[in-house]
Amino acid sequence: MRMKLNVLLAVLLVFALSLTGCSSSSSSNEESGKVVLKFLHKWPQPEYAPYFEEVVDAFEKENPDIKIKMEAIADEPIKDKLRVILGGNEVPDIMFSWSGEFARKFVRADAALDLTPYLNEDTAWKNSFIPASLQPFTSNEKNYGIPLRFNGKFFVYNKKIFDKYQLQAPTTWDEFIQVLDTLKKGGETPIILGNQGPWAAIHYLTGLNQKMVAQDVRMKDYNPKTGEFTDPGYVKAMQMLADLNKKGYFMKNVNSSSHDMGQQLFAAGKGAIFYVELEEFATVENNMKGNWGFFPMPSIADGKGSQSFITGAPDGFIVSSKTKHPKEAIKFLKFLTSKENALKLVKQIGWPSPIDGATNPDTALKEVAEGVDYMKKAEGMAEWLDTDVHAKVADVYLSNIQLLLDGSKSPEEIIKEVQEVAKQVQSEVE
């Protein structure tokens with residue numbers, strides 16, 4: 001009996017020691033001097049999350065002295081999350097940001113680290129990006145963001161319908177209108193548009209504003225400190241959009257139809273043309289199997305803006321100005337945007353990459369690679385209007401765009417509201 005008791009005590013002692021050992025090991029890991037980087041992105045979806053998990057795992061294996069604490073929050077909620085965390089002390093070291101005004105507000109608040117010195121000291125890294133993908137993250141000629149995706153907007157068209165009427169992809173707005181007239185007269189729905197989410201029509205206005213208004217004027221107006229929106233090009237751009245609906249070129253019930261419904265209608269041959277992002281090309285190909293082509297928004301003869309811009313923008317990451325580990329944060333961003341991981345991003349997820357050469361016919365659809373070539377050759381990017389202007393100005397556009405299309409409000413009335421809000425914003429940011 002005594003022997004059994006001794007054996008039991010020995011077993012308990014070994015068990016206790018093993019627990020102590022585990023506790024000690026865990027404690028030493030926490031206090032081992034590892035640098036912990038908080039990394040916030042916006043892709044928790046099951047089709048995207050594994051890519052980021054794999055990249056983080058690979059980075060930690062290569063850099064055992066750095067721990068990446070990753071959090072993923074979806075598209076809309078992350079906007080609220082960023083507003084909250086930037087007002088507190090628990091700010092991620094590396095966080096997602098759209099480019100344009102969305103990133104510039106962090107710059108104005110001194111919340112974003114100036115990344116210019118890091119890019120300049122590693123020219124190989126800097127030169128690996130397509131230049132047009134870095135530019136939208138600049139402010140006062142300094143770079144505050146690193147792009148991960150490089151997205152553009154193009155019209156896709158049904159080849160069978162175009163061939164039926166012997167139509168070619170238009171290069172000018174006048175040719176575009178002629179194509180739409182021909183399609184309408186033939187009994188076709190010329191353009192599919194699902195504007196239940198008003199960003200869809202805002203994407204049209206993004207390109208139209210850029211083409212109708214001189215670049216220096218538009219940049220002055222998109223700056224919250226100097227925005228006036230008095231150039232007549234803004235009214236003309238809005239009228240051109242309204243006319244597409246007024247003349248019956250858009251499908252019926254645009255404001256009650258979703259973009260996803262539009263995809264289904266286009267795939268079923270219910271319309272000839274559809275305005276989509278480069279990222280959507282894979283879906284178009286899956287549905288159409290080669291029966292489609294694409295073209296950028298056509299040039300406008302009397303437009304004061306550059307006609308060689310492409311609508312679209314990169315999104316990516318900024319580094320917190322409060323980070324205690326800027327060198328490690330940059331090291332992770334260099335790893336994330338390496339050619340190897342860029343190739344994997346394109347092939348695994350299907351996103352166009354800002355890394356030169358990563359999006360090619362071996363990693364992506366031929367049409368996606370061609371779309372990236374368009375963006376490489378473009379003079380610049382017309383960034384999404386709803387993220388390129390102050391949030392209050394964007395709200396005026398977003399809340400009125402459906403009223404424009406259903407005829408409830410005129411372009412003049414809406415632009416007058418834009419002007420009033422822009423003036424209010426000026427006084428707030430000064």
# chains A, B, ... in the order shown; residues from 1 in each chain; ligands from 1
$ residues_around --residues "A:Glu370" --least-positions-apart "6" --cutoff "12 Å" --atoms "only C-alpha atoms" --output "list in words"
Gly152, Phe154, Leu278, Phe281, Gly293, Phe294, Phe295, Pro296, Pro352, Gly357, Thr359, Asn360, Pro361, Ala364, Lys376 and Lys377 of chain A
$ write_last_selection --atoms "N, CA, C and O atoms" --output "CSV table (one decimal), in the first residue's frame"
chain,number,residue,atom,x,y,z
A,152,GLY,N,-8.6,48.6,-61.5
A,152,GLY,CA,-9.1,49.6,-62.4
A,152,GLY,C,-10.5,49.2,-62.9
A,152,GLY,O,-11.0,48.2,-62.5
A,154,PHE,N,-13.3,49.1,-66.1
A,154,PHE,CA,-13.4,49.0,-67.5
A,154,PHE,C,-14.8,48.5,-67.9
A,154,PHE,O,-15.5,47.9,-67.2
A,278,LEU,N,-11.4,45.5,-62.6
A,278,LEU,CA,-10.5,44.5,-63.1
A,278,LEU,C,-10.6,43.2,-62.4
A,278,LEU,O,-10.5,42.1,-62.9
A,281,PHE,N,-13.0,40.5,-63.7
A,281,PHE,CA,-12.8,39.9,-65.0
A,281,PHE,C,-12.9,38.3,-64.9
A,281,PHE,O,-13.4,37.7,-65.8
A,293,GLY,N,-15.1,41.1,-74.5
A,293,GLY,CA,-13.9,42.0,-74.6
A,293,GLY,C,-14.1,43.2,-73.7
A,293,GLY,O,-15.1,43.2,-72.9
A,294,PHE,N,-13.1,44.1,-73.7
A,294,PHE,CA,-13.2,45.2,-72.7
A,294,PHE,C,-12.5,46.4,-73.3
A,294,PHE,O,-11.7,46.3,-74.3
A,295,PHE,N,-12.9,47.6,-72.8
A,295,PHE,CA,-12.3,48.9,-73.2
A,295,PHE,C,-12.4,49.9,-72.0
A,295,PHE,O,-13.4,49.8,-71.2
A,296,PRO,N,-11.5,50.8,-71.9
A,296,PRO,CA,-11.6,51.8,-70.9
A,296,PRO,C,-12.6,52.9,-71.2
A,296,PRO,O,-13.1,52.9,-72.3
A,352,PRO,N,-5.2,41.8,-59.2
A,352,PRO,CA,-4.1,42.4,-59.9
A,352,PRO,C,-3.1,43.0,-58.9
A,352,PRO,O,-3.5,43.6,-57.9
A,357,GLY,N,5.2,43.2,-63.3
A,357,GLY,CA,5.4,41.9,-63.9
A,357,GLY,C,4.8,40.8,-63.1
A,357,GLY,O,4.7,39.6,-63.6
A,359,THR,N,1.5,40.5,-62.5
A,359,THR,CA,0.2,40.2,-63.2
A,359,THR,C,0.6,39.9,-64.7
A,359,THR,O,0.8,40.8,-65.4
A,360,ASN,N,0.6,38.7,-65.1
A,360,ASN,CA,1.0,38.3,-66.4
A,360,ASN,C,0.2,37.1,-66.9
A,360,ASN,O,-0.6,36.5,-66.1
A,361,PRO,N,0.2,36.7,-68.2
A,361,PRO,CA,-0.7,35.7,-68.6
A,361,PRO,C,-0.4,34.3,-68.0
A,361,PRO,O,-1.3,33.4,-68.1
A,364,ALA,N,-2.4,35.2,-64.4
A,364,ALA,CA,-3.7,35.7,-64.4
A,364,ALA,C,-4.4,35.5,-65.8
A,364,ALA,O,-3.7,35.1,-66.7
A,376,LYS,N,-0.6,50.7,-66.5
A,376,LYS,CA,0.9,51.0,-66.5
A,376,LYS,C,1.1,52.1,-67.5
A,376,LYS,O,2.0,53.0,-67.2
A,377,LYS,N,0.4,52.1,-68.6
A,377,LYS,CA,0.6,53.2,-69.7
A,377,LYS,C,-0.2,54.4,-69.4
A,377,LYS,O,0.1,55.5,-70.0
$ select_by_dssp --residues "stretch 69-140 of chain A" --states "alpha helix (DSSP H)" --output "ChimeraX atom specification"
/A:75-86,101-108,116-121,123-127,131-134
$ closest_residue --among "A:Ala74, A:Leu148, A:Leu115, A:Ile300" --to "A:Ile355" --atoms "only C-alpha atoms"
A:Leu148
$ atom_distance --atom1 "atom CA of A:Leu365" --atom2 "atom CA of A:Lys159"
17.3 Å
$ closest_residue --among "A:Met70, A:Asp122, A:Glu76, A:Asn255" --to "A:Asp57" --atoms "only C-alpha atoms"
A:Met70
$ select_by_dssp --residues "stretch 72-157 of chain A" --states "strand (DSSP E or B)" --output "JSON, numbers by chain"
{"A": [72, 94, 95, 96, 97, 98, 112, 129, 138, 139, 142, 143, 146, 147, 148, 149, 150, 151, 152, 153, 154, 155, 156, 157]}
$ residues_around --residues "A:Ser139" --least-positions-apart "4" --cutoff "12 Å" --atoms "only C-alpha atoms" --output "PyMOL selection string"
chain A and resi 99-108+110+112-116+134-135+143-145+219+223
$ atom_distance --atom1 "atom CA of A:Asn341" --atom2 "atom CA of A:Pro314"
16.8 Å
$ closest_residue --among "A:Arg149, A:Lys211, A:Lys185, A:Lys339" --to "A:Trp351" --atoms "only C-alpha atoms"
A:Arg149
$ atom_distance --atom1 "atom CA of A:Glu279" --atom2 "atom CA of A:Ile146"
19.0 Å
$ closest_atom_pairs --of "stretch 195-267 of chain A" --to "stretch 407-427 of chain A" --cutoff "9 Å" --atoms "only C-alpha atoms" --output "JSON lines"
{"residue": "A:Asp221", "atom": "CA", "partner": "A:Ala422", "partner_atom": "CA", "distance": 8.3}
{"residue": "A:Asn223", "atom": "CA", "partner": "A:Gln426", "partner_atom": "CA", "distance": 9.0}
{"residue": "A:Pro224", "atom": "CA", "partner": "A:Gln426", "partner_atom": "CA", "distance": 5.7}
{"residue": "A:Lys225", "atom": "CA", "partner": "A:Gln426", "partner_atom": "CA", "distance": 4.7}
{"residue": "A:Thr226", "atom": "CA", "partner": "A:Gln426", "partner_atom": "CA", "distance": 6.4}
{"residue": "A:Gly227", "atom": "CA", "partner": "A:Ala422", "partner_atom": "CA", "distance": 5.7}
{"residue": "A:Glu228", "atom": "CA", "partner": "A:Gln419", "partner_atom": "CA", "distance": 5.7}
{"residue": "A:Phe229", "atom": "CA", "partner": "A:Gln419", "partner_atom": "CA", "distance": 5.6}
{"residue": "A:Thr230", "atom": "CA", "partner": "A:Gln419", "partner_atom": "CA", "distance": 7.1}
{"residue": "A:Tyr234", "atom": "CA", "partner": "A:Ile415", "partner_atom": "CA", "distance": 7.3}
{"residue": "A:Val235", "atom": "CA", "partner": "A:Pro411", "partner_atom": "CA", "distance": 5.5}
{"residue": "A:Lys236", "atom": "CA", "partner": "A:Pro411", "partner_atom": "CA", "distance": 8.0}
{"residue": "A:Ala237", "atom": "CA", "partner": "A:Pro411", "partner_atom": "CA", "distance": 8.7}
{"residue": "A:Met238", "atom": "CA", "partner": "A:Pro411", "partner_atom": "CA", "distance": 5.6}
{"residue": "A:Gln239", "atom": "CA", "partner": "A:Pro411", "partner_atom": "CA", "distance": 6.0}
{"residue": "A:Ala242", "atom": "CA", "partner": "A:Gly407", "partner_atom": "CA", "distance": 8.0}
{"residue": "A:Lys246", "atom": "CA", "partner": "A:Gly407", "partner_atom": "CA", "distance": 8.2}
$ write_last_selection --atoms "N, CA and C atoms" --output "short mmCIF file (atom, residue, chain, number, x, y, z; two decimals), in the first residue's frame"
data_model
loop_
_atom_site.label_atom_id
_atom_site.label_comp_id
_atom_site.auth_asym_id
_atom_site.auth_seq_id
_atom_site.Cartn_x
_atom_site.Cartn_y
_atom_site.Cartn_z
N ASP A 221 -10.08 71.11 -55.88
CA ASP A 221 -11.42 70.91 -55.33
C ASP A 221 -11.51 69.67 -54.44
N ASN A 223 -9.23 68.64 -52.53
CA ASN A 223 -8.55 68.95 -51.27
C ASN A 223 -9.55 69.63 -50.34
N PRO A 224 -9.83 69.07 -49.16
CA PRO A 224 -10.86 69.65 -48.28
C PRO A 224 -10.59 71.10 -47.90
N LYS A 225 -9.34 71.52 -47.91
CA LYS A 225 -9.00 72.89 -47.50
C LYS A 225 -9.30 73.92 -48.59
N THR A 226 -9.41 73.47 -49.84
CA THR A 226 -9.55 74.43 -50.95
C THR A 226 -10.70 74.10 -51.90
N GLY A 227 -11.49 73.08 -51.59
CA GLY A 227 -12.54 72.64 -52.51
C GLY A 227 -13.66 73.66 -52.70
N GLU A 228 -14.01 73.90 -53.99
CA GLU A 228 -15.12 74.81 -54.32
C GLU A 228 -16.14 74.17 -55.25
N PHE A 229 -15.68 73.34 -56.19
CA PHE A 229 -16.54 72.62 -57.14
C PHE A 229 -17.39 73.57 -57.99
N THR A 230 -16.80 74.70 -58.39
CA THR A 230 -17.54 75.68 -59.21
C THR A 230 -17.27 75.50 -60.70
N TYR A 234 -18.15 69.84 -63.63
CA TYR A 234 -18.82 68.94 -62.69
C TYR A 234 -20.29 68.75 -63.05
N VAL A 235 -20.94 69.85 -63.45
CA VAL A 235 -22.35 69.77 -63.87
C VAL A 235 -22.45 68.99 -65.18
N LYS A 236 -21.52 69.25 -66.12
CA LYS A 236 -21.54 68.54 -67.41
C LYS A 236 -21.34 67.04 -67.22
N ALA A 237 -20.40 66.68 -66.33
CA ALA A 237 -20.15 65.26 -66.07
C ALA A 237 -21.41 64.58 -65.53
N MET A 238 -22.08 65.26 -64.61
CA MET A 238 -23.29 64.70 -64.01
C MET A 238 -24.42 64.62 -65.04
N GLN A 239 -24.48 65.61 -65.93
CA GLN A 239 -25.51 65.60 -66.97
C GLN A 239 -25.27 64.45 -67.95
N ALA A 242 -26.59 61.42 -66.29
CA ALA A 242 -28.06 61.44 -66.28
C ALA A 242 -28.62 61.12 -67.67
N LYS A 246 -31.59 58.80 -69.12
CA LYS A 246 -32.71 59.51 -69.73
C LYS A 246 -32.98 59.03 -71.16
#
$ closest_residue --among "A:Asn63, A:Asp362, A:Tyr222, A:Asp163" --to "A:Ala391" --atoms "only C-alpha atoms"
A:Tyr222
$ decode --residues "stretch 380-404 of chain A" --atoms "N, CA, C and O atoms" --output "compact mmCIF listing (two decimals), in the first residue's frame"
# COMPACT_ATOMS: atom_id res chain seq x y z
N GLY A 380 -2.26 58.58 -65.34
CA GLY A 380 -2.56 58.58 -63.91
C GLY A 380 -3.84 57.82 -63.64
O GLY A 380 -4.45 57.25 -64.54
N MET A 381 -4.26 57.84 -62.37
CA MET A 381 -5.46 57.14 -61.94
C MET A 381 -6.51 58.15 -61.48
O MET A 381 -6.20 59.09 -60.74
N ALA A 382 -7.73 57.97 -61.93
CA ALA A 382 -8.87 58.70 -61.37
C ALA A 382 -9.40 57.85 -60.22
O ALA A 382 -10.07 56.84 -60.45
N GLU A 383 -9.07 58.24 -59.00
CA GLU A 383 -9.38 57.41 -57.84
C GLU A 383 -10.87 57.51 -57.49
O GLU A 383 -11.49 58.54 -57.70
N TRP A 384 -11.41 56.42 -56.93
CA TRP A 384 -12.83 56.34 -56.61
C TRP A 384 -13.30 57.64 -55.93
O TRP A 384 -12.79 58.03 -54.89
N LEU A 385 -14.29 58.27 -56.51
CA LEU A 385 -14.76 59.57 -56.03
C LEU A 385 -15.16 59.54 -54.56
O LEU A 385 -14.88 60.47 -53.80
N ASP A 386 -15.79 58.44 -54.12
CA ASP A 386 -16.29 58.39 -52.74
C ASP A 386 -15.18 58.20 -51.70
O ASP A 386 -15.44 58.32 -50.50
N THR A 387 -13.94 57.90 -52.15
CA THR A 387 -12.82 57.85 -51.20
C THR A 387 -11.78 58.94 -51.50
O THR A 387 -10.81 59.08 -50.76
N ASP A 388 -11.98 59.70 -52.59
CA ASP A 388 -10.99 60.69 -53.00
C ASP A 388 -11.37 62.11 -52.59
O ASP A 388 -10.57 63.03 -52.74
N VAL A 389 -12.60 62.28 -52.11
CA VAL A 389 -13.02 63.59 -51.59
C VAL A 389 -13.34 63.44 -50.11
O VAL A 389 -13.44 62.33 -49.58
N HIS A 390 -13.51 64.57 -49.43
CA HIS A 390 -13.85 64.54 -48.01
C HIS A 390 -15.14 63.75 -47.81
O HIS A 390 -16.04 63.77 -48.65
N ALA A 391 -15.23 63.05 -46.68
CA ALA A 391 -16.37 62.16 -46.42
C ALA A 391 -17.72 62.89 -46.54
O ALA A 391 -18.70 62.32 -47.04
N LYS A 392 -17.78 64.14 -46.10
CA LYS A 392 -19.05 64.88 -46.17
C LYS A 392 -19.43 65.22 -47.61
O LYS A 392 -20.60 65.21 -47.97
N VAL A 393 -18.43 65.52 -48.43
CA VAL A 393 -18.68 65.78 -49.85
C VAL A 393 -19.11 64.47 -50.53
O VAL A 393 -20.04 64.45 -51.34
N ALA A 394 -18.42 63.38 -50.18
CA ALA A 394 -18.77 62.07 -50.73
C ALA A 394 -20.21 61.71 -50.39
O ALA A 394 -20.94 61.16 -51.24
N ASP A 395 -20.64 62.03 -49.18
CA ASP A 395 -22.02 61.71 -48.76
C ASP A 395 -23.05 62.44 -49.62
O ASP A 395 -24.13 61.90 -49.91
N VAL A 396 -22.74 63.67 -50.02
CA VAL A 396 -23.67 64.42 -50.88
C VAL A 396 -23.81 63.71 -52.22
O VAL A 396 -24.92 63.52 -52.72
N TYR A 397 -22.69 63.30 -52.79
CA TYR A 397 -22.73 62.56 -54.06
C TYR A 397 -23.49 61.25 -53.90
O TYR A 397 -24.37 60.91 -54.69
N LEU A 398 -23.15 60.49 -52.87
CA LEU A 398 -23.75 59.16 -52.68
C LEU A 398 -25.25 59.24 -52.42
O LEU A 398 -26.02 58.41 -52.90
N SER A 399 -25.66 60.23 -51.64
CA SER A 399 -27.09 60.31 -51.28
C SER A 399 -27.95 60.89 -52.41
O SER A 399 -29.17 60.77 -52.38
N ASN A 400 -27.31 61.51 -53.40
CA ASN A 400 -28.07 62.15 -54.48
C ASN A 400 -28.01 61.43 -55.82
O ASN A 400 -28.79 61.74 -56.72
N ILE A 401 -27.08 60.48 -55.96
CA ILE A 401 -26.86 59.90 -57.29
C ILE A 401 -28.07 59.11 -57.78
O ILE A 401 -28.39 59.10 -58.98
N GLN A 402 -28.81 58.47 -56.86
CA GLN A 402 -30.02 57.77 -57.28
C GLN A 402 -31.12 58.76 -57.69
O GLN A 402 -31.88 58.50 -58.62
N LEU A 403 -31.17 59.90 -56.97
CA LEU A 403 -32.15 60.93 -57.30
C LEU A 403 -31.86 61.55 -58.66
O LEU A 403 -32.78 61.93 -59.39
N LEU A 404 -30.58 61.64 -59.01
CA LEU A 404 -30.20 62.11 -60.34
C LEU A 404 -30.74 61.17 -61.40
O LEU A 404 -31.34 61.61 -62.40
